[in-house]
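> Dropping in data.cif, which is mmCIF, C-alpha atoms and all ligand atoms:
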data_my_file
#
loop_
_atom_site.label_atom_id
_atom_site.label_comp_id
_atom_site.auth_asym_id
_atom_site.auth_seq_id
_atom_site.Cartn_x
_atom_site.Cartn_y
_atom_site.Cartn_z
CA MET A 69 42.35 54.60 -67.26
CA ALA A 70 43.51 58.15 -66.59
CA ASP A 71 45.12 57.70 -63.16
CA PRO A 72 48.03 55.21 -63.36
CA ASP A 73 48.13 54.71 -59.58
CA LEU A 74 44.44 53.88 -59.52
CA ALA A 75 44.93 51.52 -62.45
CA LYS A 76 47.78 49.77 -60.65
CA ARG A 77 45.78 49.30 -57.47
CA ARG A 78 42.72 47.98 -59.28
CA LEU A 79 44.65 45.62 -61.51
CA SER A 80 46.77 44.31 -58.69
CA LEU A 81 43.86 43.74 -56.34
CA ARG A 82 41.84 42.12 -59.09
CA LEU A 83 44.56 39.69 -60.15
CA ARG A 84 45.49 38.74 -56.60
CA GLY A 85 41.88 38.19 -55.70
CA GLU A 86 41.04 36.13 -58.76
CA SER A 87 44.24 34.10 -58.53
CA ALA A 88 43.13 32.96 -55.09
CA PHE A 89 40.33 31.10 -56.82
CA GLY A 90 42.54 29.34 -59.32
CA LEU A 91 41.96 31.66 -62.28
CA LYS A 92 45.14 31.79 -64.26
CA SER A 93 44.54 34.98 -66.21
CA VAL A 94 42.48 38.16 -66.40
CA ALA A 95 41.77 40.17 -69.50
CA MET A 96 43.70 43.43 -69.67
CA ASP A 97 45.32 45.63 -72.25
CA SER A 98 49.07 46.33 -72.46
CA LYS A 99 48.69 49.54 -70.45
CA GLY A 100 47.02 47.63 -67.68
CA LEU A 101 49.67 44.90 -67.78
CA HIS A 102 52.46 47.44 -67.40
CA ALA A 103 50.65 49.04 -64.50
CA LEU A 104 50.23 45.69 -62.77
CA GLN A 105 53.87 44.76 -63.25
CA ALA A 106 54.90 48.06 -61.72
CA ALA A 107 52.63 47.45 -58.75
CA LYS A 108 53.87 43.97 -57.92
CA GLN A 109 56.52 43.75 -55.25
CA PRO A 110 59.70 41.74 -55.84
CA ALA A 111 59.32 39.81 -52.57
CA ALA A 112 58.36 36.24 -53.39
CA ARG A 113 55.44 34.58 -51.67
CA PRO A 114 56.17 31.26 -50.00
CA LYS A 115 55.56 28.35 -52.31
CA ALA A 116 52.42 26.48 -51.39
CA SER A 117 51.08 23.14 -52.49
CA PRO A 118 47.47 22.96 -53.61
CA PRO A 119 45.34 21.50 -50.83
CA PRO A 120 43.03 18.58 -51.56
CA LEU A 121 39.52 19.91 -52.07
CA LEU A 122 36.20 18.72 -53.35
CA ALA A 123 36.11 17.82 -57.01
CA SER A 124 36.28 21.12 -58.85
CA THR A 125 37.94 22.42 -61.96
CA GLU A 126 39.29 25.35 -59.95
CA ALA A 127 40.28 23.40 -56.87
CA GLU A 128 43.61 22.14 -58.12
CA SER A 129 45.27 25.53 -58.07
CA LEU A 130 43.71 26.98 -54.89
CA PRO A 131 46.68 28.03 -52.74
CA VAL A 132 47.26 27.24 -49.10
CA GLU A 133 47.06 30.63 -47.40
CA PRO A 134 50.12 31.37 -45.28
CA ASN A 135 49.52 33.51 -42.23
CA SER A 136 52.88 35.24 -42.35
CA THR A 137 53.04 37.01 -45.71
CA GLU A 138 52.00 40.61 -45.34
CA PHE A 139 49.83 42.30 -47.93
CA THR A 140 52.03 44.59 -49.96
CA ASP A 141 49.66 46.15 -52.44
CA PRO A 142 48.43 49.68 -51.71
CA VAL A 143 45.21 49.98 -49.74
CA ALA A 144 42.26 50.74 -52.01
CA SER A 145 40.20 53.90 -51.63
CA ARG A 146 36.81 53.63 -49.95
CA PRO A 147 34.86 53.71 -53.27
CA GLU A 148 37.18 51.05 -54.67
CA LYS A 149 36.65 48.88 -51.59
CA VAL A 150 32.88 49.22 -51.88
CA SER A 151 33.03 48.20 -55.53
CA LEU A 152 35.46 45.31 -55.00
CA LEU A 153 33.45 43.88 -52.10
CA ALA A 154 30.13 44.19 -53.94
CA ASN A 155 31.58 42.55 -57.04
CA MET A 156 33.01 39.69 -55.01
CA ASP A 157 29.69 39.10 -53.27
CA ILE A 158 27.57 39.23 -56.41
CA SER A 159 29.84 37.48 -58.90
CA GLN A 160 31.65 34.97 -56.69
CA VAL A 161 30.06 34.33 -53.30
CA LYS A 162 26.33 34.31 -54.11
CA PRO A 163 26.69 31.78 -56.94
CA CYS A 164 29.41 29.78 -55.15
CA VAL A 165 29.21 25.99 -55.27
CA ARG A 166 32.74 25.29 -54.10
CA CYS A 167 31.68 23.09 -51.19
CA ARG A 168 28.74 20.97 -50.06
CA LEU A 169 27.28 23.78 -47.93
CA CYS A 170 25.84 25.33 -51.08
CA LYS A 171 23.31 22.50 -51.20
CA THR A 172 21.62 23.31 -47.92
CA ARG A 173 21.97 27.08 -47.62
CA LYS A 174 19.10 29.47 -48.13
CA ASN A 175 21.37 32.47 -48.52
CA THR A 176 25.08 33.13 -48.58
CA VAL A 177 26.28 35.43 -45.80
CA PHE A 178 29.00 37.65 -47.22
CA GLY A 179 29.54 39.82 -44.16
CA GLU A 180 28.82 43.46 -43.59
CA GLY A 181 30.12 46.65 -42.10
CA ASP A 182 32.36 49.60 -42.80
CA PRO A 183 34.78 48.91 -45.68
CA ASP A 184 37.25 51.17 -43.88
CA ALA A 185 36.74 49.43 -40.54
CA ALA A 186 39.70 49.34 -38.17
CA ILE A 187 38.23 46.32 -36.36
CA PHE A 188 37.29 43.14 -38.23
CA PHE A 189 35.34 40.43 -36.38
CA ILE A 190 35.47 36.83 -37.62
CA GLY A 191 32.96 34.29 -36.35
CA GLU A 192 32.51 30.64 -37.17
CA GLY A 193 29.63 30.21 -39.60
CA PRO A 194 26.09 31.44 -40.24
CA GLY A 195 23.33 30.05 -38.04
CA GLU A 196 19.67 29.66 -38.86
CA ASN A 197 18.76 33.35 -38.61
CA GLU A 198 21.84 34.40 -40.56
CA ASP A 199 21.02 31.85 -43.28
CA LEU A 200 17.47 33.17 -43.53
CA GLN A 201 18.46 36.83 -43.62
CA GLY A 202 21.80 36.60 -45.46
CA ARG A 203 23.45 38.68 -42.74
CA PRO A 204 26.04 37.75 -40.11
CA PHE A 205 25.30 37.68 -36.37
CA VAL A 206 21.61 38.53 -36.39
CA GLY A 207 20.35 35.94 -33.89
CA ARG A 208 20.80 35.90 -30.12
CA ALA A 209 24.57 35.70 -30.48
CA GLY A 210 24.37 38.68 -32.80
CA GLU A 211 22.43 40.67 -30.22
CA LEU A 212 25.16 39.99 -27.71
CA LEU A 213 27.86 40.91 -30.24
CA ASN A 214 26.01 44.18 -30.83
CA LYS A 215 26.11 44.79 -27.07
CA MET A 216 29.80 44.00 -26.99
CA ILE A 217 30.42 46.46 -29.82
CA ALA A 218 28.24 49.06 -28.10
CA GLY A 219 30.23 48.44 -24.93
CA MET A 220 33.30 49.42 -26.93
CA GLY A 221 31.64 52.75 -27.69
CA LEU A 222 31.03 51.77 -31.31
CA ARG A 223 28.14 50.98 -33.57
CA ARG A 224 27.91 47.76 -35.56
CA GLU A 225 28.16 49.77 -38.77
CA GLN A 226 31.61 50.99 -37.75
CA VAL A 227 33.22 47.54 -37.72
CA PHE A 228 33.22 44.69 -40.24
CA ILE A 229 31.70 41.31 -39.35
CA VAL A 230 32.17 38.02 -41.22
CA ASN A 231 32.41 34.28 -40.65
CA ILE A 232 35.04 31.82 -41.82
CA VAL A 233 32.44 30.11 -44.03
CA LYS A 234 29.71 31.97 -45.87
CA CYS A 235 27.05 29.27 -45.90
CA ARG A 236 25.33 27.68 -42.92
CA PRO A 237 26.67 24.30 -41.83
CA PRO A 238 23.63 22.04 -41.25
CA ASP A 239 22.50 21.85 -37.62
CA ASN A 240 25.00 24.59 -36.77
CA ARG A 241 27.87 22.11 -36.73
CA VAL A 242 31.45 23.32 -36.87
CA PRO A 243 32.55 23.82 -40.50
CA ALA A 244 34.50 20.84 -41.83
CA PRO A 245 38.16 21.39 -42.77
CA ASP A 246 37.52 21.07 -46.50
CA GLU A 247 34.65 23.58 -46.24
CA VAL A 248 36.95 26.02 -44.47
CA GLU A 249 39.63 25.52 -47.10
CA ALA A 250 37.15 26.06 -49.89
CA CYS A 251 35.66 29.21 -48.41
CA THR A 252 38.46 31.10 -46.71
CA PRO A 253 39.95 32.60 -49.90
CA TYR A 254 36.89 34.86 -49.79
CA LEU A 255 37.75 35.87 -46.24
CA VAL A 256 41.37 36.51 -47.14
CA LYS A 257 40.30 38.63 -50.07
CA GLN A 258 37.95 40.64 -47.83
CA LEU A 259 40.83 41.26 -45.44
CA GLU A 260 43.11 42.27 -48.28
CA ILE A 261 40.55 44.78 -49.51
CA ILE A 262 39.51 46.20 -46.12
CA ARG A 263 42.95 46.00 -44.46
CA PRO A 264 41.77 46.47 -40.84
CA LYS A 265 44.11 47.42 -38.02
CA VAL A 266 42.93 44.59 -35.80
CA ILE A 267 41.23 41.24 -36.34
CA VAL A 268 39.10 39.83 -33.53
CA THR A 269 38.34 36.14 -33.87
CA LEU A 270 35.18 35.01 -32.09
CA GLY A 271 35.45 31.43 -30.86
CA LEU A 272 37.93 28.67 -31.40
CA PRO A 273 37.28 27.63 -35.04
CA SER A 274 38.11 31.05 -36.47
CA ALA A 275 41.14 31.45 -34.18
CA LYS A 276 42.39 28.01 -35.13
CA TYR A 277 42.08 28.73 -38.81
CA MET A 278 43.64 32.17 -38.73
CA LEU A 279 46.54 31.14 -36.51
CA ALA A 280 46.98 27.58 -37.78
CA SER A 281 47.03 26.67 -34.10
CA LYS A 282 45.89 23.69 -32.08
CA LEU A 283 45.97 25.55 -28.78
CA SER A 284 42.85 25.93 -26.68
CA MET A 285 40.89 29.15 -26.49
CA GLY A 286 42.08 29.55 -22.93
CA LYS A 287 45.65 29.69 -24.18
CA LEU A 288 44.98 31.78 -27.27
CA ARG A 289 42.68 34.52 -25.98
CA GLY A 290 43.91 37.63 -24.28
CA GLN A 291 47.20 37.59 -26.22
CA TRP A 292 48.12 39.45 -29.34
CA HIS A 293 48.88 37.34 -32.40
CA ASN A 294 49.96 38.26 -35.88
CA TRP A 295 48.14 37.44 -39.10
CA ARG A 296 49.95 38.66 -42.19
CA GLY A 297 51.08 41.82 -40.42
CA ILE A 298 47.67 42.53 -38.86
CA LYS A 299 47.30 42.21 -35.10
CA LEU A 300 44.84 39.52 -34.10
CA MET A 301 43.04 39.09 -30.79
CA PRO A 302 41.13 35.85 -30.17
CA THR A 303 38.21 36.03 -27.78
CA TYR A 304 35.18 33.99 -26.87
CA HIS A 305 32.26 33.63 -29.29
CA PRO A 306 29.09 35.39 -28.13
CA ALA A 307 27.23 32.06 -28.41
CA PHE A 308 29.64 30.60 -25.86
CA LEU A 309 29.05 33.58 -23.59
CA LEU A 310 25.32 32.97 -23.83
CA ARG A 311 25.87 29.39 -22.72
CA ALA A 312 28.34 30.31 -20.01
CA TYR A 313 27.27 33.81 -19.01
CA THR A 314 29.57 34.09 -16.04
CA GLU A 315 31.23 37.12 -14.57
CA GLU A 316 34.60 35.55 -15.31
CA ASN A 317 33.87 34.97 -19.02
CA ARG A 318 32.38 38.43 -19.50
CA ALA A 319 35.38 39.97 -17.80
CA ALA A 320 37.72 38.00 -20.07
CA VAL A 321 35.97 39.23 -23.21
CA TRP A 322 35.90 42.80 -21.98
CA SER A 323 39.59 42.58 -21.18
CA ASP A 324 40.28 41.40 -24.73
CA LEU A 325 38.14 44.14 -26.25
CA LYS A 326 39.82 46.82 -24.17
CA LYS A 327 43.16 45.75 -25.62
CA VAL A 328 41.62 46.06 -29.08
CA LEU A 329 40.38 49.57 -28.36
CA THR A 330 43.79 50.62 -27.08
CA GLU A 331 45.46 49.12 -30.16
CA VAL A 332 43.27 51.06 -32.57
CA GLY A 333 43.62 54.26 -30.54
CA LEU A 334 40.05 54.50 -29.26
CA PRO A 335 39.07 55.46 -25.71
CA ILE A 336 37.88 52.76 -23.33
CA PRO A 337 34.35 53.51 -22.14
CA GLY A 338 33.92 53.53 -18.41
CA LYS A 339 31.57 50.56 -18.18
CA SER A 340 31.70 47.01 -19.53
CA ALA A 341 29.27 45.36 -21.92
CA LYS A 342 26.58 43.55 -20.00
S1 LIG B 401 30.60 27.85 -47.69
FE1 LIG B 401 31.89 29.17 -48.96
S2 LIG B 401 32.92 27.76 -50.37
FE2 LIG B 401 31.16 26.66 -49.53
S3 LIG B 401 29.53 27.03 -51.03
FE3 LIG B 401 29.35 28.60 -49.41
S4 LIG B 401 30.47 30.36 -50.22
FE4 LIG B 401 31.10 28.56 -51.41
#
Mind converting the file's structure to structure tokens?
Ligand code: SF4


Amino acid sequence: MADPDLAKRRLSLRLRGESAFGLKSVAMDSKGLHALQAAKQPAARPKASPPPLLASTEAESLPVEPNSTEFTDPVASRPEKVSLLANMDISQVKPCVRCRLCKTRKNTVFGEGDPDAAIFFIGEGPGENEDLQGRPFVGRAGELLNKMIAGMGLRREQVFIVNIVKCRPPDNRVPAPDEVEACTPYLVKQLEIIRPKVIVTLGLPSAKYMLASKLSMGKLRGQWHNWRGIKLMPTYHPAFLLRAYTEENRAAVWSDLKKVLTEVGLPIPGKSAK
């Protein structure tokens, strides 16, 4: 590889991503190994015990993901991000059988948006329409999310949208803890690749996972939190807003989103999302 910096970034991202799934090695030549060693930072990650997962040959070494260790590797270029995300989707997520949700899904839902997005939305899990189409937030809740994004003066294609699990939980139930544990290394890897300025969690399950918190949404939302050095704003899920479409709830969400816009340096449009 002609560019040593590019080699370092690719090798480092690849190893860190694959190690999250319990792979103990990746094939590389001595040049690549030297580049990776140069790219690694001396700061040690907190030691983590493997969580109990479903029976799997890879499960034993899946790490618990701390929410305090900042990403230290250089941010990939846009073409690198596109390639890394596509490879992860095709080679890891689409064939994934790491949890029971693989048995009932019609499609995996990797997530979509701008790989250079400053704002990264995280929902709970795919619903029926998302499962059928393989895309996140395409049902009624998705229409409202689109309106919320439009209310921010943005288009859906300018942000990135994912869920904490990539397969539909049957009957739209909340993902089980072991399903979240099995799936969230993909989410962490997406965040490491995209490296947004702000994460917006939609609903309590994603906020609880990201913040390792037991607090209610009422206590979490509206406040800035930190996830591995990235600012995180919890807000209500659009599906909740559809169920409780009150002036108060809409105002709360708009208040949260205005803070997000200010944080990423974008102007606040003069009217709220309706
Ligand atoms: S929910 Fe995630 S971990 Fe479970 S099968 Fe789907 S992609 Fe794999």

> Sorted by chain and rising residue number, which residues of chain A lie within 7 Å of ligand LIG 401 (chain B), and what are their closest atom pairs and distances in Å to one decimal, counting all atoms listed in the file, as a Markdown table?


| residue | atom | partner | partner_atom | distance |
| --- | --- | --- | --- | --- |
| A:Val161 | CA | B:LIG401 | S4 | 5.0 |
| A:Lys162 | CA | B:LIG401 | S4 | 6.9 |
| A:Cys164 | CA | B:LIG401 | FE4 | 4.3 |
| A:Val165 | CA | B:LIG401 | S3 | 4.4 |
| A:Arg166 | CA | B:LIG401 | S2 | 4.5 |
| A:Cys167 | CA | B:LIG401 | FE2 | 4.0 |
| A:Arg168 | CA | B:LIG401 | S3 | 6.2 |
| A:Leu169 | CA | B:LIG401 | S3 | 5.0 |
| A:Cys170 | CA | B:LIG401 | S3 | 4.1 |
| A:Thr176 | CA | B:LIG401 | S4 | 6.3 |
| A:Val233 | CA | B:LIG401 | S1 | 4.7 |
| A:Lys234 | CA | B:LIG401 | S1 | 4.6 |
| A:Cys235 | CA | B:LIG401 | S1 | 4.2 |
| A:Glu247 | CA | B:LIG401 | FE2 | 5.7 |
| A:Ala250 | CA | B:LIG401 | S2 | 4.6 |
| A:Cys251 | CA | B:LIG401 | S2 | 3.7 |

> Tell me, in Å to one decimal, how far CA of Phe139 (chain A) is from CA of Glu249 (chain A).

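These atoms are spaced 19.7 Å apart.
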
> Have a look at A:Gln226, A:Met216, A:Asn240, A:Ile336 and name the one nearest to Arg318 (chain A); count only C-alpha atoms.

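Closest residue, counting only C-alpha atoms: A:Met216.
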
> At a cut-off of 12 Å, can you tabulate as a Markdown table every residue of region 157-230 of chain A near region 294-299 of chain A together with its closest atom pair and the distance in Å to one decimal, using all atoms listed in the file and ordering rows by chain then number?


| residue | atom | partner | partner_atom | distance |
| --- | --- | --- | --- | --- |
| A:Ala186 | CA | A:Ile298 | CA | 10.5 |
| A:Ile187 | CA | A:Lys299 | CA | 10.0 |
| A:Phe188 | CA | A:Ile298 | CA | 10.4 |

> Write out as a PyMOL selection string each polymer residue whose atoms come within 9 Å of Gln291 (chain A), counting all atoms listed in the file; drop sequence neighbours fewer than 3 positions from it.

chain A and resi 287-288+300-302+324
